[in-house]
Every structure is written in structure tokens, then in C-alpha cells.
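Structure file input-v6.cif (mmCIF, C-alpha atoms) is printed below.
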```
data_protein
#
loop_
_atom_site.group_PDB
_atom_site.id
_atom_site.type_symbol
_atom_site.label_atom_id
_atom_site.label_comp_id
_atom_site.auth_asym_id
_atom_site.auth_seq_id
_atom_site.Cartn_x
_atom_site.Cartn_y
_atom_site.Cartn_z
ATOM 1 C CA MET A 1 148.206 158.602 105.980
ATOM 2 C CA ASN A 2 145.526 157.583 108.436
ATOM 3 C CA GLN A 3 144.966 153.838 108.379
ATOM 4 C CA HIS A 4 142.282 151.832 110.109
ATOM 5 C CA LYS A 5 143.827 149.695 112.840
ATOM 6 C CA ASP A 6 142.347 146.351 111.699
ATOM 7 C CA THR A 7 142.597 146.719 107.920
ATOM 8 C CA ASP A 8 144.857 148.116 105.235
ATOM 9 C CA ALA A 9 142.209 150.731 104.380
ATOM 10 C CA LEU A 10 142.681 154.440 104.924
ATOM 11 C CA THR A 11 140.367 156.424 107.194
ATOM 12 C CA GLN A 12 140.901 159.639 105.219
ATOM 13 C CA VAL A 13 141.818 160.051 101.589
ATOM 14 C CA ARG A 14 143.092 163.044 99.656
ATOM 15 C CA CYS A 15 143.353 163.672 95.933
ATOM 16 C CA HIS A 16 146.924 162.364 95.618
ATOM 17 C CA ASP A 17 145.966 159.071 97.381
ATOM 18 C CA LEU A 18 143.470 157.979 94.727
ATOM 19 C CA PRO A 19 142.619 155.303 93.857
ATOM 20 C CA ALA A 20 142.411 154.028 97.417
ATOM 21 C CA LYS A 21 140.540 151.732 99.741
ATOM 22 C CA VAL A 22 138.785 153.697 102.524
ATOM 23 C CA TYR A 23 137.235 152.601 105.813
ATOM 24 C CA ILE A 24 134.084 154.565 106.711
ATOM 25 C CA PRO A 25 132.117 153.113 109.683
ATOM 26 C CA LEU A 26 128.630 153.740 108.340
ATOM 27 C CA ASP A 27 127.133 150.840 110.301
ATOM 28 C CA THR A 28 127.558 152.808 113.541
ATOM 29 C CA ILE A 29 124.784 155.159 112.374
ATOM 30 C CA LYS A 30 121.992 152.589 112.675
ATOM 31 C CA SER A 31 119.712 153.407 115.564
ATOM 32 C CA PRO A 32 117.303 151.173 117.492
ATOM 33 C CA ALA A 33 114.917 154.137 117.508
ATOM 34 C CA THR A 34 114.493 153.742 113.738
ATOM 35 C CA ARG A 35 113.448 150.133 114.223
ATOM 36 C CA LEU A 36 110.985 151.157 116.960
ATOM 37 C CA ALA A 37 109.478 153.904 114.791
ATOM 38 C CA THR A 38 109.094 151.481 111.881
ATOM 39 C CA THR A 39 107.418 148.958 114.204
ATOM 40 C CA ILE A 40 104.993 151.647 115.415
ATOM 41 C CA HIS A 41 104.242 152.507 111.785
ATOM 42 C CA TYR A 42 103.423 148.897 110.866
ATOM 43 C CA MET A 43 101.380 148.375 114.044
ATOM 44 C CA GLY A 44 99.292 151.424 113.127
ATOM 45 C CA LEU A 45 98.763 150.058 109.630
ATOM 46 C CA ALA A 46 97.667 146.702 111.071
ATOM 47 C CA ILE A 47 95.177 148.387 113.427
ATOM 48 C CA ALA A 48 93.809 150.497 110.576
ATOM 49 C CA LEU A 49 93.508 147.444 108.317
ATOM 50 C CA ILE A 50 91.594 145.491 110.966
ATOM 51 C CA GLY A 51 89.345 148.497 111.605
ATOM 52 C CA PHE A 52 88.603 148.906 107.893
ATOM 53 C CA GLY A 53 87.971 145.158 107.702
ATOM 54 C CA PHE A 54 85.311 145.445 110.389
ATOM 55 C CA VAL A 55 83.816 148.468 108.604
ATOM 56 C CA LEU A 56 83.450 146.467 105.390
ATOM 57 C CA PHE A 57 82.732 142.952 106.666
ATOM 58 C CA GLY A 58 81.594 143.427 110.284
ATOM 59 C CA PRO A 59 78.146 142.557 111.601
ATOM 60 C CA GLU A 60 75.257 145.007 111.436
ATOM 61 C CA THR A 61 74.178 144.324 115.017
ATOM 62 C CA ILE A 62 76.160 143.268 118.068
ATOM 63 C CA TYR A 63 74.594 141.366 120.964
ATOM 64 C CA TYR A 64 76.281 141.455 124.346
ATOM 65 C CA ASN A 65 75.483 141.068 128.043
ATOM 66 C CA ARG A 66 75.066 144.450 129.752
ATOM 67 C CA LEU A 67 76.387 143.119 133.045
ATOM 68 C CA GLN A 68 79.593 141.686 131.594
ATOM 69 C CA GLY A 69 80.032 144.341 128.911
ATOM 70 C CA MET A 70 81.506 143.929 125.472
ATOM 71 C CA SER A 71 84.426 141.640 124.716
ATOM 72 C CA PHE A 72 87.562 142.919 122.989
ATOM 73 C CA ILE A 73 86.358 141.754 119.575
ATOM 74 C CA GLN A 74 82.932 143.308 120.154
ATOM 75 C CA TYR A 75 84.580 146.683 120.828
ATOM 76 C CA TRP A 76 86.336 146.400 117.478
ATOM 77 C CA GLN A 77 83.024 145.493 115.835
ATOM 78 C CA ALA A 78 81.137 148.309 117.584
ATOM 79 C CA TYR A 79 83.632 151.110 116.790
ATOM 80 C CA PRO A 80 85.494 150.154 113.598
ATOM 81 C CA GLY A 81 85.609 153.679 112.106
ATOM 82 C CA PRO A 82 87.289 155.403 115.063
ATOM 83 C CA ILE A 83 89.630 152.439 115.518
ATOM 84 C CA ALA A 84 90.658 152.574 111.840
ATOM 85 C CA SER A 85 91.191 156.342 112.146
ATOM 86 C CA VAL A 86 93.348 155.956 115.255
ATOM 87 C CA GLY A 87 95.298 153.204 113.489
ATOM 88 C CA MET A 88 96.008 155.502 110.553
ATOM 89 C CA LEU A 89 97.048 158.269 112.969
ATOM 90 C CA ILE A 90 99.485 155.897 114.685
ATOM 91 C CA ALA A 91 100.798 154.775 111.283
ATOM 92 C CA VAL A 92 101.378 158.361 110.154
ATOM 93 C CA ILE A 93 103.134 159.297 113.402
ATOM 94 C CA GLY A 94 105.344 156.192 113.219
ATOM 95 C CA GLY A 95 106.119 156.880 109.563
ATOM 96 C CA LYS A 96 107.076 160.490 110.280
ATOM 97 C CA MET A 97 109.294 159.394 113.167
ATOM 98 C CA ALA A 98 111.021 156.788 111.019
ATOM 99 C CA SER A 99 111.415 159.265 108.163
ATOM 100 C CA SER A 100 113.000 161.942 110.351
ATOM 101 C CA LEU A 101 115.326 159.398 111.971
ATOM 102 C CA CYS A 102 116.379 158.104 108.542
ATOM 103 C CA GLU A 103 116.933 161.661 107.346
ATOM 104 C CA SER A 104 119.207 162.426 110.294
ATOM 105 C CA ALA A 105 121.056 159.146 109.692
ATOM 106 C CA GLN A 106 121.580 160.152 106.050
ATOM 107 C CA LYS A 107 122.972 163.512 107.158
ATOM 108 C CA GLN A 108 125.366 161.721 109.524
ATOM 109 C CA ALA A 109 126.439 159.392 106.722
ATOM 110 C CA ILE A 110 127.123 162.321 104.385
ATOM 111 C CA GLU A 111 129.151 164.066 107.105
ATOM 112 C CA MET A 112 131.193 160.892 107.682
ATOM 113 C CA ILE A 113 131.822 160.469 103.950
ATOM 114 C CA GLU A 114 132.837 164.111 103.558
ATOM 115 C CA ALA A 115 135.189 163.780 106.537
ATOM 116 C CA ALA A 116 136.774 160.671 105.031
ATOM 117 C CA ILE A 117 137.104 162.024 101.486
ATOM 118 C CA GLN A 118 139.118 165.224 101.745
ATOM 119 C CA ILE A 119 138.893 166.268 98.086
ATOM 120 C CA GLU A 120 137.776 169.710 96.970
ATOM 121 C CA ASP A 121 136.052 170.257 93.617
ATOM 122 C CA SER A 122 138.947 172.449 92.506
ATOM 123 C CA GLU A 123 141.357 169.502 92.945
ATOM 124 C CA LEU A 124 139.483 167.220 90.548
ATOM 125 C CA PRO A 125 141.138 166.597 87.182
ATOM 126 C CA GLN A 126 139.303 168.166 84.241
ATOM 127 C CA GLY A 127 136.446 165.954 83.034
ATOM 128 C CA HIS A 128 136.575 163.579 86.028
ATOM 129 C CA LYS A 129 134.516 162.992 89.140
ATOM 130 C CA VAL A 130 135.017 160.983 92.333
ATOM 131 C CA ASN A 131 133.531 157.489 92.294
ATOM 132 C CA MET A 132 132.757 155.465 95.438
ATOM 133 C CA ASP A 133 132.130 151.703 95.234
ATOM 134 C CA GLU A 134 131.398 149.500 98.245
ATOM 135 C CA LEU A 135 133.824 146.584 98.537
ATOM 136 C CA LYS A 136 132.382 145.122 101.728
ATOM 137 C CA THR A 137 130.730 146.503 104.849
ATOM 138 C CA ASN A 138 132.327 149.857 105.728
ATOM 139 C CA HIS A 139 135.074 149.465 103.080
ATOM 140 C CA PHE A 140 134.887 151.557 99.925
ATOM 141 C CA TRP A 141 137.005 151.951 96.802
ATOM 142 C CA ILE A 142 137.434 155.631 95.950
ATOM 143 C CA SER A 143 138.693 156.559 92.489
ATOM 144 C CA PHE A 144 138.409 159.072 89.674
ATOM 145 C CA VAL A 145 136.151 158.287 86.729
ATOM 146 C CA GLU A 146 135.469 160.250 83.591
ATOM 147 C CA ASP A 147 132.462 162.490 83.847
ATOM 148 C CA SER A 148 130.627 161.902 80.571
ATOM 149 C CA GLU A 149 128.450 165.011 80.984
ATOM 150 C CA ALA A 150 131.473 167.234 81.583
ATOM 151 C CA ASN A 151 133.281 165.702 78.579
ATOM 152 C CA GLU A 152 130.232 166.208 76.352
ATOM 153 C CA GLU A 153 129.974 169.862 77.361
ATOM 154 C CA ALA A 154 133.706 170.371 76.833
ATOM 155 C CA ASN A 155 133.425 168.823 73.356
ATOM 156 C CA LYS A 156 130.448 171.059 72.497
ATOM 157 C CA THR A 157 132.344 174.131 73.663
ATOM 158 C CA ALA A 158 135.380 173.121 71.609
ATOM 159 C CA GLU A 159 133.194 172.603 68.531
ATOM 160 C CA LYS A 160 131.613 176.018 68.991
ATOM 161 C CA LEU A 161 135.041 177.639 69.191
ATOM 162 C CA GLU A 162 136.356 175.758 66.160
ATOM 163 C CA ASN A 163 133.271 176.213 63.989
ATOM 164 C CA PRO A 164 131.624 179.592 64.428
ATOM 165 C CA LYS A 165 127.879 179.509 63.936
ATOM 166 C CA GLN A 166 126.709 179.937 60.434
ATOM 167 C CA GLU A 167 123.353 181.578 60.299
ATOM 168 C CA LYS A 168 120.730 179.486 58.662
ATOM 169 C CA GLN A 169 118.990 181.077 55.743
ATOM 170 C CA GLU A 170 115.301 180.541 55.841
ATOM 171 C CA PRO A 171 113.574 179.840 52.553
ATOM 172 C CA PRO A 172 111.565 182.744 51.230
ATOM 173 C CA LEU A 173 107.881 182.722 51.964
ATOM 174 C CA ILE A 174 105.708 182.201 48.960
ATOM 175 C CA GLY A 175 102.620 184.088 49.429
#
```

As C-alpha cells:
Amino acid sequence: MNQHKDTDALTQVRCHDLPAKVYIPLDTIKSPATRLATTIHYMGLAIALIGFGFVLFGPETIYYNRLQGMSFIQYWQAYPGPIASVGMLIAVIGGKMASSLCESAQKQAIEMIEAAIQIEDSELPQGHKVNMDELKTNHFWISFVEDSEANEEANKTAEKLENPKQEKQEPPLIG
């Protein structure tokens, strides 16, 4: 048995070990890049929202000094459409980055779970499936539970074998 050094939990579990407490370090998957991508996404949304706000509620004319040029706010007021479009582009790029990073993190989590739970489908008892409940961070309780769908199908199959189908007689058509 492989046990985690700081706890009484196993690091790998096989069919004969169940039910068991398992240590799976899923918190090591979290990446600062995901946080950065999410921040970029929300910054893009904020820029787009401000741009759309100036499109809807901005002034019709902008007065500025040609020698000094426009202020930062006047640029936003002068070009709200392109600024809102760029904001949406930034939001979409940040969202896609965050989504792909989360997807790769999910794949890593699945790989870690599969490495920790060494149970093949052929080893499962008839009508049962593997259940995984989180006890605390990185500690999970792995056990067998009855699979209600599998039991229902087994019962239907047994009924079909016990009671052969009787053909229904349709009432005669009166015509």
C-alpha cells in the first residue's frame, strides 16, 4: 500500500482496498496563468462596458484645445465604438485563454485521479460503480455504491427472460 507521508490516506487504491481514504494533490494543478487570463478577460469586459457607456450616454460634441490635444477621457468620448470593440476583443481573448487553461487543468486532474484509483471496469462488482466524495482538501473517500441504472436494466432483463412477451391483440377495426 502506498500511503501519503503526512496522513493515513493512501496515494493509490485498488479494488480490494475499498472503501478507502485517498490523498490526491489536486491543489497543485492551480496555475497563476489562469488567474492572469481571467483578469485579462474581466479587464476587457470593463473596457467594453465603458466604451458602450460612452456610445449610449456620451456627448454629441467634444471641445478640446488643438495645441494640448485631447485628454484621456476625451479620447474615450471621441472613439467609443472602436474602444468598445477592442475591449470585447480583449475579453474574448482572455476568456479563451482562461478556458483552455482550465481545460488542461481538468485533463491533469483526471489523469491524477486515474493514477490514484487503479480500478478497471471489469473489476467492479455487478451493479456497482465507484463513488468519490471529498472529505477535505486533497483527501477523498473512495467506495462502491449501487448503480441504480445498472440495477434497473438488470431487473428489466430478468423480467424479459422470466416473462416472454405476449403479443398484444389489437381490437378489430370497425369500418

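Taken over the whole file, the PyMOL selection byres ((chain A and resi 79) around 12) covers exactly Ala48, Ile50, Gly51, Phe52, Gly53, Phe54, Val55, Gly58, Pro59, Glu60, Thr61, Ile62, Met70, Phe72, Ile73, Gln74, Tyr75, Trp76, Gln77, Ala78, Pro80, Gly81, Pro82, Ile83, Ala84, Ser85 and Val86 of chain A.
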
- Item | Long-range neighbours of region 109-120 of chain A as an MDAnalysis selection string, 6 Å cut-off, only C-alpha atoms, 2 positions minimum in chain | chainID A and resid 11:15 106:107 122:123

- Item | Result set, the PyMOL selection byres ((chain A and resi 26) around 9) on current file, as a ChimeraX atom specification | /A:24-25,27-30,108-109,112-113,137-138

Could you please take those selected residues and save C-alpha atoms as a compact mmCIF listing (two decimals), keeping the file's coordinate frame?
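Final file, result-v1.txt:
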```
# COMPACT_ATOMS: atom_id res chain seq x y z
CA ILE A 24 134.08 154.56 106.71
CA PRO A 25 132.12 153.11 109.68
CA ASP A 27 127.13 150.84 110.30
CA THR A 28 127.56 152.81 113.54
CA ILE A 29 124.78 155.16 112.37
CA LYS A 30 121.99 152.59 112.68
CA GLN A 108 125.37 161.72 109.52
CA ALA A 109 126.44 159.39 106.72
CA MET A 112 131.19 160.89 107.68
CA ILE A 113 131.82 160.47 103.95
CA THR A 137 130.73 146.50 104.85
CA ASN A 138 132.33 149.86 105.73
```

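Distances from A:Leu45, A:Lys21, A:Leu56, A:Thr39 to Lys136 (chain A) were compared using only C-alpha atoms, and the smallest one belongs to A:Lys21.
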
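Take CA of Tyr42 (chain A) and CA of Ser104 (chain A): the distance between them is 20.8 Å.
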